[in-house]
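Trainee: See input_14.cif below, with mmCIF, C-alpha atoms.
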data_entry
loop_
_atom_site.label_atom_id
_atom_site.label_comp_id
_atom_site.auth_asym_id
_atom_site.auth_seq_id
_atom_site.Cartn_x
_atom_site.Cartn_y
_atom_site.Cartn_z
CA MET M 25 24.06 43.70 -53.16
CA THR M 26 21.68 42.61 -50.36
CA GLU M 27 18.93 45.11 -49.61
CA ASN M 28 17.22 43.18 -46.81
CA LYS M 29 20.22 43.56 -44.52
CA PRO M 30 20.74 46.97 -42.88
CA ILE M 31 23.84 49.11 -42.95
CA LEU M 32 25.51 49.06 -39.53
CA ILE M 33 26.43 52.56 -38.36
CA PHE M 34 28.90 52.82 -35.47
CA GLN M 35 28.98 56.15 -33.63
CA LEU M 36 31.61 57.09 -31.07
CA ARG M 37 30.54 60.64 -30.24
CA PRO M 38 29.31 60.88 -26.60
CA GLU M 39 27.27 64.07 -27.09
CA ASP M 40 23.68 63.42 -28.14
CA VAL M 41 23.50 66.58 -30.24
CA THR M 42 26.55 65.78 -32.39
CA ALA M 43 25.79 62.07 -32.63
CA ASP M 44 22.20 62.72 -33.71
CA SER M 45 23.30 65.32 -36.24
CA GLU M 46 25.98 63.02 -37.66
CA TYR M 47 23.47 60.19 -37.99
CA ALA M 48 20.98 62.50 -39.71
CA CYS M 49 23.65 63.57 -42.21
CA ILE M 50 24.62 59.96 -42.94
CA MET M 51 21.00 59.17 -43.70
CA LYS M 52 20.48 62.35 -45.73
CA TYR M 53 23.53 62.04 -47.97
CA GLY M 54 23.43 58.26 -48.05
CA GLY M 55 19.80 58.32 -49.17
CA LEU M 56 18.84 56.13 -46.22
CA ARG M 57 15.84 55.78 -43.91
CA GLU M 58 16.06 54.76 -40.28
CA ASP M 59 14.86 51.24 -41.05
CA ASP M 60 17.67 50.88 -43.60
CA THR M 61 20.19 51.13 -40.79
CA CYS M 62 21.23 49.59 -37.51
CA ARG M 63 22.58 52.44 -35.39
CA MET M 64 24.99 51.57 -32.57
CA ARG M 65 26.35 54.23 -30.24
CA ILE M 66 29.34 52.46 -28.74
CA HIS M 67 30.88 55.24 -26.62
CA THR M 68 29.88 53.62 -23.33
CA ASP M 69 30.00 49.85 -23.91
CA GLY M 70 32.05 49.27 -27.04
CA ILE M 71 31.22 46.81 -29.82
CA PRO M 72 29.08 43.82 -28.85
CA GLU M 73 31.15 40.64 -28.69
CA ASP M 74 28.44 38.64 -30.45
CA LEU M 75 28.28 40.98 -33.46
CA ASN M 76 27.79 38.96 -36.65
CA LEU M 77 28.81 40.65 -39.90
CA ASP M 78 26.51 38.32 -41.81
CA ASP M 79 23.60 40.31 -40.38
CA TYR M 80 24.64 43.50 -42.22
CA ALA M 81 25.19 44.77 -45.74
CA ALA M 82 28.02 47.15 -44.85
CA ILE M 83 29.55 49.20 -42.02
CA ILE M 84 29.91 52.98 -41.71
CA VAL M 85 31.97 54.45 -38.85
CA GLY M 86 31.60 58.10 -37.87
CA GLY M 87 33.95 60.50 -36.10
CA SER M 88 35.20 60.44 -32.53
CA PRO M 89 36.72 62.71 -29.88
CA PHE M 90 39.29 60.00 -29.07
CA ASP M 91 42.96 60.49 -29.96
CA LEU M 92 44.65 57.23 -30.88
CA THR M 93 48.09 58.77 -30.34
CA THR M 94 47.39 59.43 -26.65
CA PRO M 95 49.65 57.13 -24.56
CA ALA M 96 47.80 54.00 -23.50
CA ASP M 97 48.21 54.74 -19.78
CA ARG M 98 46.43 58.07 -20.28
CA LYS M 99 43.48 56.68 -22.22
CA THR M 100 40.21 55.94 -20.49
CA ASP M 101 39.17 52.33 -19.98
CA ILE M 102 36.39 52.71 -22.53
CA GLN M 103 38.74 54.12 -25.16
CA ASN M 104 41.13 51.20 -24.68
CA LYS M 105 38.18 48.81 -24.94
CA ILE M 106 36.82 50.44 -28.09
CA GLU M 107 40.23 50.35 -29.74
CA ALA M 108 40.60 46.66 -28.85
CA ASP M 109 37.07 46.01 -30.15
CA PHE M 110 37.92 47.65 -33.46
CA ARG M 111 41.13 45.66 -33.81
CA ARG M 112 39.04 42.50 -33.46
CA LEU M 113 36.38 43.76 -35.85
CA LEU M 114 38.78 45.12 -38.47
CA LYS M 115 40.65 41.84 -38.67
CA GLU M 116 37.44 40.18 -39.79
CA VAL M 117 36.50 43.11 -42.03
CA VAL M 118 39.86 43.06 -43.83
CA ASP M 119 40.09 39.26 -43.97
CA ARG M 120 36.62 39.07 -45.52
CA ASP M 121 36.96 42.28 -47.56
CA PHE M 122 33.66 43.28 -45.97
CA PRO M 123 32.17 46.62 -47.14
CA PHE M 124 33.39 49.29 -44.73
CA LEU M 125 33.61 53.08 -44.81
CA GLY M 126 35.37 54.80 -41.91
CA ALA M 127 35.43 58.61 -41.70
CA CYS M 128 38.08 60.54 -39.74
CA SER M 129 38.48 58.34 -36.65
CA GLY M 130 37.56 55.36 -38.85
CA ASN M 131 40.52 56.32 -41.04
CA GLY M 132 42.84 56.31 -38.03
CA LEU M 133 41.45 53.07 -36.63
CA LEU M 134 41.85 51.25 -39.95
CA GLY M 135 45.24 52.79 -40.71
CA SER M 136 46.54 51.97 -37.24
CA PHE M 137 45.23 48.41 -37.49
CA LEU M 138 47.15 48.01 -40.77
CA GLY M 139 50.36 49.17 -39.09
CA ALA M 140 50.62 52.70 -40.47
CA PRO M 141 52.38 55.15 -38.11
CA MET M 142 50.15 57.86 -36.64
CA SER M 143 51.10 61.27 -35.28
CA ARG M 144 50.01 64.89 -35.09
CA LYS M 145 52.41 65.83 -37.87
CA TYR M 146 49.60 66.27 -40.41
CA SER M 147 46.86 67.70 -38.21
CA GLU M 148 44.42 70.14 -39.82
CA PRO M 149 42.00 72.63 -38.30
CA ILE M 150 38.27 72.41 -38.90
CA TYR M 151 37.86 73.90 -42.35
CA CYS M 152 36.89 73.44 -45.98
CA THR M 153 39.80 72.59 -48.26
CA ASN M 154 40.46 70.87 -51.56
CA VAL M 155 42.07 67.48 -52.03
CA GLN M 156 43.39 65.67 -55.08
CA ILE M 157 42.16 62.42 -56.64
CA THR M 158 45.06 60.08 -57.41
CA ASP M 159 45.35 58.11 -60.64
CA ALA M 160 44.21 55.02 -58.74
CA GLY M 161 41.34 57.02 -57.28
CA LYS M 162 40.13 57.98 -60.74
CA GLN M 163 39.63 54.27 -61.42
CA ASP M 164 37.77 53.58 -58.18
CA LYS M 165 34.00 53.00 -58.22
CA LEU M 166 33.40 55.64 -55.52
CA LEU M 167 35.40 58.35 -57.30
CA GLU M 168 35.39 57.71 -61.04
CA GLY M 169 34.27 60.69 -63.08
CA PHE M 170 35.19 63.18 -60.37
CA PRO M 171 37.29 66.28 -61.18
CA ASP M 172 41.00 66.16 -60.31
CA GLU M 173 40.36 68.15 -57.11
CA ILE M 174 37.29 68.21 -54.86
CA ASP M 175 36.30 70.30 -51.84
CA VAL M 176 35.89 68.53 -48.51
CA LEU M 177 35.22 69.34 -44.87
CA LEU M 178 37.61 68.06 -42.25
CA GLY M 179 39.28 68.73 -38.91
CA HIS M 180 41.61 66.40 -37.03
CA LYS M 181 44.41 66.48 -34.49
CA GLU M 182 46.13 63.33 -35.78
CA ALA M 183 46.40 61.27 -38.94
CA VAL M 184 48.29 58.35 -40.45
CA ASP M 185 51.69 59.54 -41.65
CA GLU M 186 51.70 57.35 -44.74
CA THR M 187 49.49 55.04 -46.75
CA PRO M 188 49.21 51.71 -44.93
CA GLU M 189 51.17 48.84 -46.44
CA GLY M 190 49.01 46.95 -48.93
CA ALA M 191 46.47 49.78 -49.22
CA THR M 192 45.76 51.96 -52.26
CA LEU M 193 45.89 55.74 -51.90
CA LEU M 194 42.82 57.24 -53.56
CA VAL M 195 42.83 60.87 -52.41
CA LYS M 196 45.74 63.00 -51.18
CA GLY M 197 45.87 66.44 -49.59
CA HIS M 198 48.10 69.50 -49.67
CA VAL M 199 48.67 69.34 -45.89
CA CYS M 200 47.71 65.81 -44.90
CA PRO M 201 48.97 63.35 -47.54
CA VAL M 202 46.58 60.45 -46.82
CA GLN M 203 42.99 61.61 -47.27
CA MET M 204 41.38 58.43 -48.54
CA PHE M 205 42.57 54.88 -49.06
CA ARG M 206 41.16 51.46 -49.90
CA VAL M 207 42.10 48.00 -48.72
CA GLY M 208 41.16 45.13 -50.99
CA LYS M 209 38.12 46.01 -53.08
CA ASN M 210 35.57 47.03 -50.45
CA VAL M 211 37.25 48.51 -47.35
CA TYR M 212 37.50 52.31 -47.41
CA ALA M 213 38.62 55.08 -45.09
CA THR M 214 38.55 58.87 -45.43
CA GLN M 215 40.31 61.48 -43.31
CA PHE M 216 37.69 64.02 -44.37
CA HIS M 217 33.97 63.78 -43.57
CA PRO M 218 31.87 62.66 -46.55
CA GLU M 219 28.73 62.99 -44.41
CA GLY M 220 29.46 66.56 -43.37
CA ASP M 221 27.92 69.81 -44.57
CA ALA M 222 28.25 73.42 -43.44
CA ASP M 223 25.45 73.27 -40.87
CA GLU M 224 26.81 70.06 -39.38
CA PHE M 225 30.30 71.53 -39.08
CA LYS M 226 29.03 74.74 -37.51
CA LEU M 227 27.41 72.60 -34.84
CA ARG M 228 30.63 70.68 -34.29
CA ILE M 229 32.58 73.93 -34.01
CA ASP M 230 30.26 75.07 -31.22
CA VAL M 231 30.41 71.74 -29.39
CA TYR M 232 34.15 71.10 -29.76
CA LYS M 233 35.50 74.63 -29.39
CA ASP M 234 37.29 73.66 -26.15
CA HIS M 235 38.56 70.27 -27.33
CA GLY M 236 41.87 71.41 -28.79
CA TYR M 237 41.02 71.34 -32.49
CA PHE M 238 41.38 75.13 -32.68
CA GLU M 239 41.57 78.17 -30.45
CA PRO M 240 38.11 79.16 -29.13
CA HIS M 241 38.42 82.70 -30.49
CA GLU M 242 38.73 81.26 -34.01
CA ALA M 243 35.24 79.73 -33.96
CA GLU M 244 33.41 82.39 -35.94
CA GLU M 245 36.11 82.54 -38.61
CA LEU M 246 35.97 78.77 -38.96
CA LYS M 247 32.20 78.88 -39.35
CA GLU M 248 32.64 81.29 -42.24
CA ASN M 249 35.24 79.00 -43.81
CA VAL M 250 33.11 75.84 -43.70
CA SER M 251 30.34 77.78 -45.42
CA ARG M 252 32.68 78.94 -48.19
CA VAL M 253 31.68 76.36 -50.81
CA PRO M 254 29.47 73.26 -50.86
CA THR M 255 31.12 69.82 -50.88
CA PRO M 256 28.87 67.73 -53.17
CA HIS M 257 31.57 65.35 -54.38
CA ALA M 258 32.55 64.39 -50.84
CA GLN M 259 28.90 63.65 -50.07
CA GLU M 260 28.59 61.70 -53.32
CA ILE M 261 31.26 59.31 -52.01
CA LEU M 262 28.88 58.35 -49.22
CA GLN M 263 25.95 58.18 -51.63
CA ARG M 264 27.88 55.90 -53.98
CA PHE M 265 29.04 53.65 -51.13
CA VAL M 266 25.44 53.15 -50.02
CA ALA M 267 24.16 52.70 -53.57
CA TYR M 268 26.83 50.13 -54.39
CA TYR M 269 26.62 48.03 -51.24
CA TYR M 270 23.03 48.51 -50.22
CA GLY M 271 21.07 50.21 -52.97
CA GLY M 272 19.61 52.84 -50.63
CA ARG M 273 15.94 53.34 -51.39
CA ARG M 274 15.43 56.83 -52.79
#
With the file now loaded, output its structure as structure tokens.
Mentor:
Amino acid sequence: MTENKPILIFQLRPEDVTADSEYACIMKYGGLREDDTCRMRIHTDGIPEDLNLDDYAAIIVGGSPFDLTTPADRKTDIQNKIEADFRRLLKEVVDRDFPFLGACSGNGLLGSFLGAPMSRKYSEPIYCTNVQITDAGKQDKLLEGFPDEIDVLLGHKEAVDETPEGATLLVKGHVCPVQMFRVGKNVYATQFHPEGDADEFKLRIDVYKDHGYFEPHEAEELKENVSRVPTPHAQEILQRFVAYYYGGRR
């Protein structure tokens, strides 16, 4: 554990309000301060080519409005670049077993890199739901001691259809079967949002109400749903990741 190296946080959200809120939640539930992190908003230029993983303790990737299942000829140039950048980065991350936690879009990027098929078969609206810890998950350092089921916040139009080859399924869902997996010992991805809370999701509902995640008239009902119960175990996953790989100063 190397505390003098920051945690690298990649953000793909183009809207300042959602990106700032996401970053604030990562710091809050990760127990981090700004100087504990290196924040990179990559929605305009992608990942720097000279990025050196040796400069960082770990990587956290937030959510994104991009759909990986969109045909390549219909994707913007910057989306194609970001996807190519992540393929390059994830090869090094997986080869080195470098500490990595990808949420939602990070789950899709990692799963796709590992060859898992992706589709909209297991899409889920923005809501609070419960997911199940697998037997392997109960033995994992980020999940051990958790109850059999935990509440999480999520919302996605696409997902990996199956656990990537060589990966370990840690959390499964009633609707979407792959909710969290691990590659090697240190590379993690979640379909749900461990950084999210009710206020953060209410903001996202307002901002993304016309982005196809749900029908606009459903917004108020969804806001009530995400406020239904707190999601402390999901947030503890983020807290444990930071504590294990960085030792966030609290």
Trainee: Could you tell me which of M:Lys226, M:Arg252, M:His198, M:Arg111 comes closest to Leu134 in chain M if we count all atoms listed in the file?
Mentor: M:Arg111
Trainee: CA of Pro171 in chain M to CA of Gln259 in chain M: how many Å, to one decimal?
Mentor: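 Spanning CA of Pro171 in chain M to CA of Gln259 in chain M is a straight-line distance of 14.2 Å.
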Trainee: Given the file shown, determine the residues that the PyMOL selection byres ((chain M and resi 225) around 10) selects; report them as a list in words.
Mentor: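 Given this file, the PyMOL selection byres ((chain M and resi 225) around 10) evaluates to Thr42, Ser45, Glu46, Ile150, Tyr151, Cys152, Leu177, Leu178, Gly179, His217, Gly220, Asp221, Ala222, Asp223, Glu224, Lys226, Leu227, Arg228, Ile229, Asp230, Val231, Leu246, Lys247, Val250 and Ser251 of chain M.
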Trainee: Where does the PyMOL selection byres ((chain M and resi 199-203) around 6) land in this file, that is, which residues does it pick, as a PyMOL selection string?
Mentor: chain M and resi 146+195-198+204+214-215
Trainee: Under the rule that all atoms listed in the file are counted, which of M:Pro89, M:Glu73, M:Ile261, M:Ile50 is the nearest residue to Lys233 in chain M?
Mentor: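 So, comparing all the options, the nearest one is M:Pro89.
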Trainee: How far is it from CA of Val253 in chain M to CA of Tyr53 in chain M, in Å with one decimal?
Mentor: 16.7 Å
Trainee: Would you mind reading off the distance between CA of Phe34 in chain M and CA of Lys115 in chain M, one decimal, in Å?
Mentor: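 These two atoms are separated by 16.4 Å.
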Trainee: So which residues fall inside 12 Å of (29.9, 48.8, -16.8) if we count all atoms listed in the file? Mind giving them as a count of residues only?
Mentor: 7
Trainee: Looking at M:Tyr80, M:Phe110, M:Tyr270, M:Tyr232, which one is nearest to Ser136 in chain M, with distances taken over all atoms listed in the file?
Mentor: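 Ranking M:Tyr80, M:Phe110, M:Tyr270, M:Tyr232 by distance to Ser136 in chain M, first place goes to M:Phe110.
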Trainee: Closest to Ala108 in chain M among M:Pro123, M:Pro141, M:Gly190, M:Pro72, using all atoms listed in the file?
Mentor: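 Among the listed residues, the smallest separation from Ala108 in chain M belongs to M:Pro72.
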Trainee: With distances taken over all atoms listed in the file, which of M:Ala48, M:Val85, M:Met142, M:Ala183 is nearest to Tyr212 in chain M?
Mentor: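 Result for the nearest residue to Tyr212 in chain M: M:Val85.
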Trainee: Would you kindly return, as a ChimeraX atom specification, each protein, DNA or RNA residue with an atom no farther than 10 Å from any atom of Glu260 in chain M, considering all atoms listed in the file and excluding same-chain residues fewer than 4 positions away?
Mentor: /M:53-54,166-167,170,218-219,255-256,264-266
Trainee: I'd like the neighbourhood of range 31-33 of chain M as a PDB file with C-alpha atoms, keeping the file's coordinate frame, where a residue qualifies if any of its atoms comes within 10 Å (using only C-alpha atoms), though same-chain residues fewer than 4 positions away should be ignored.
Mentor:
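File written: part.pdb
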ATOM      1  CA  GLU M  27      18.930  45.110 -49.610  1.00  0.00           C
ATOM      2  CA  TYR M  47      23.470  60.190 -37.990  1.00  0.00           C
ATOM      3  CA  ILE M  50      24.620  59.960 -42.940  1.00  0.00           C
ATOM      4  CA  LEU M  56      18.840  56.130 -46.220  1.00  0.00           C
ATOM      5  CA  GLU M  58      16.060  54.760 -40.280  1.00  0.00           C
ATOM      6  CA  ASP M  59      14.860  51.240 -41.050  1.00  0.00           C
ATOM      7  CA  ASP M  60      17.670  50.880 -43.600  1.00  0.00           C
ATOM      8  CA  THR M  61      20.190  51.130 -40.790  1.00  0.00           C
ATOM      9  CA  CYS M  62      21.230  49.590 -37.510  1.00  0.00           C
ATOM     10  CA  ARG M  63      22.580  52.440 -35.390  1.00  0.00           C
ATOM     11  CA  MET M  64      24.990  51.570 -32.570  1.00  0.00           C
ATOM     12  CA  ARG M  65      26.350  54.230 -30.240  1.00  0.00           C
ATOM     13  CA  LEU M  77      28.810  40.650 -39.900  1.00  0.00           C
ATOM     14  CA  ASP M  79      23.600  40.310 -40.380  1.00  0.00           C
ATOM     15  CA  TYR M  80      24.640  43.500 -42.220  1.00  0.00           C
ATOM     16  CA  ALA M  81      25.190  44.770 -45.740  1.00  0.00           C
ATOM     17  CA  ALA M  82      28.020  47.150 -44.850  1.00  0.00           C
ATOM     18  CA  ILE M  83      29.550  49.200 -42.020  1.00  0.00           C
ATOM     19  CA  ILE M  84      29.910  52.980 -41.710  1.00  0.00           C
ATOM     20  CA  VAL M  85      31.970  54.450 -38.850  1.00  0.00           C
ATOM     21  CA  GLY M  86      31.600  58.100 -37.870  1.00  0.00           C
ATOM     22  CA  PRO M 123      32.170  46.620 -47.140  1.00  0.00           C
ATOM     23  CA  PHE M 124      33.390  49.290 -44.730  1.00  0.00           C
ATOM     24  CA  LEU M 125      33.610  53.080 -44.810  1.00  0.00           C
ATOM     25  CA  GLY M 126      35.370  54.800 -41.910  1.00  0.00           C
ATOM     26  CA  VAL M 266      25.440  53.150 -50.020  1.00  0.00           C
ATOM     27  CA  TYR M 269      26.620  48.030 -51.240  1.00  0.00           C
ATOM     28  CA  TYR M 270      23.030  48.510 -50.220  1.00  0.00           C
ATOM     29  CA  GLY M 272      19.610  52.840 -50.630  1.00  0.00           C
TER      30      GLY M 272
END
Trainee: Convert the output of the PyMOL selection byres ((chain M and resi 206) around 6) on the shown file into explicit residues, formatted as a ChimeraX atom specification.
Mentor: /M:191-192,205,207,211-212
Trainee: List as a PDB file with C-alpha atoms, keeping the file's coordinate frame the residues having at least one atom at most 7 Å from position (35.2, 71.8, -55.4) as given in the file, counting all atoms listed in the file.
Mentor:
ATOM      1  CA  ASN M 154      40.460  70.870 -51.560  1.00  0.00           C
ATOM      2  CA  GLU M 173      40.360  68.150 -57.110  1.00  0.00           C
ATOM      3  CA  ILE M 174      37.290  68.210 -54.860  1.00  0.00           C
ATOM      4  CA  ASP M 175      36.300  70.300 -51.840  1.00  0.00           C
ATOM      5  CA  THR M 255      31.120  69.820 -50.880  1.00  0.00           C
TER       6      THR M 255
END
Trainee: Rank nothing, just name the residue among M:Thr187, M:Asn104, M:Gln263, M:Thr94 nearest to Arg144 in chain M, using only C-alpha atoms.
Mentor: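 Selected residue with least distance to Arg144 in chain M: M:Thr94.
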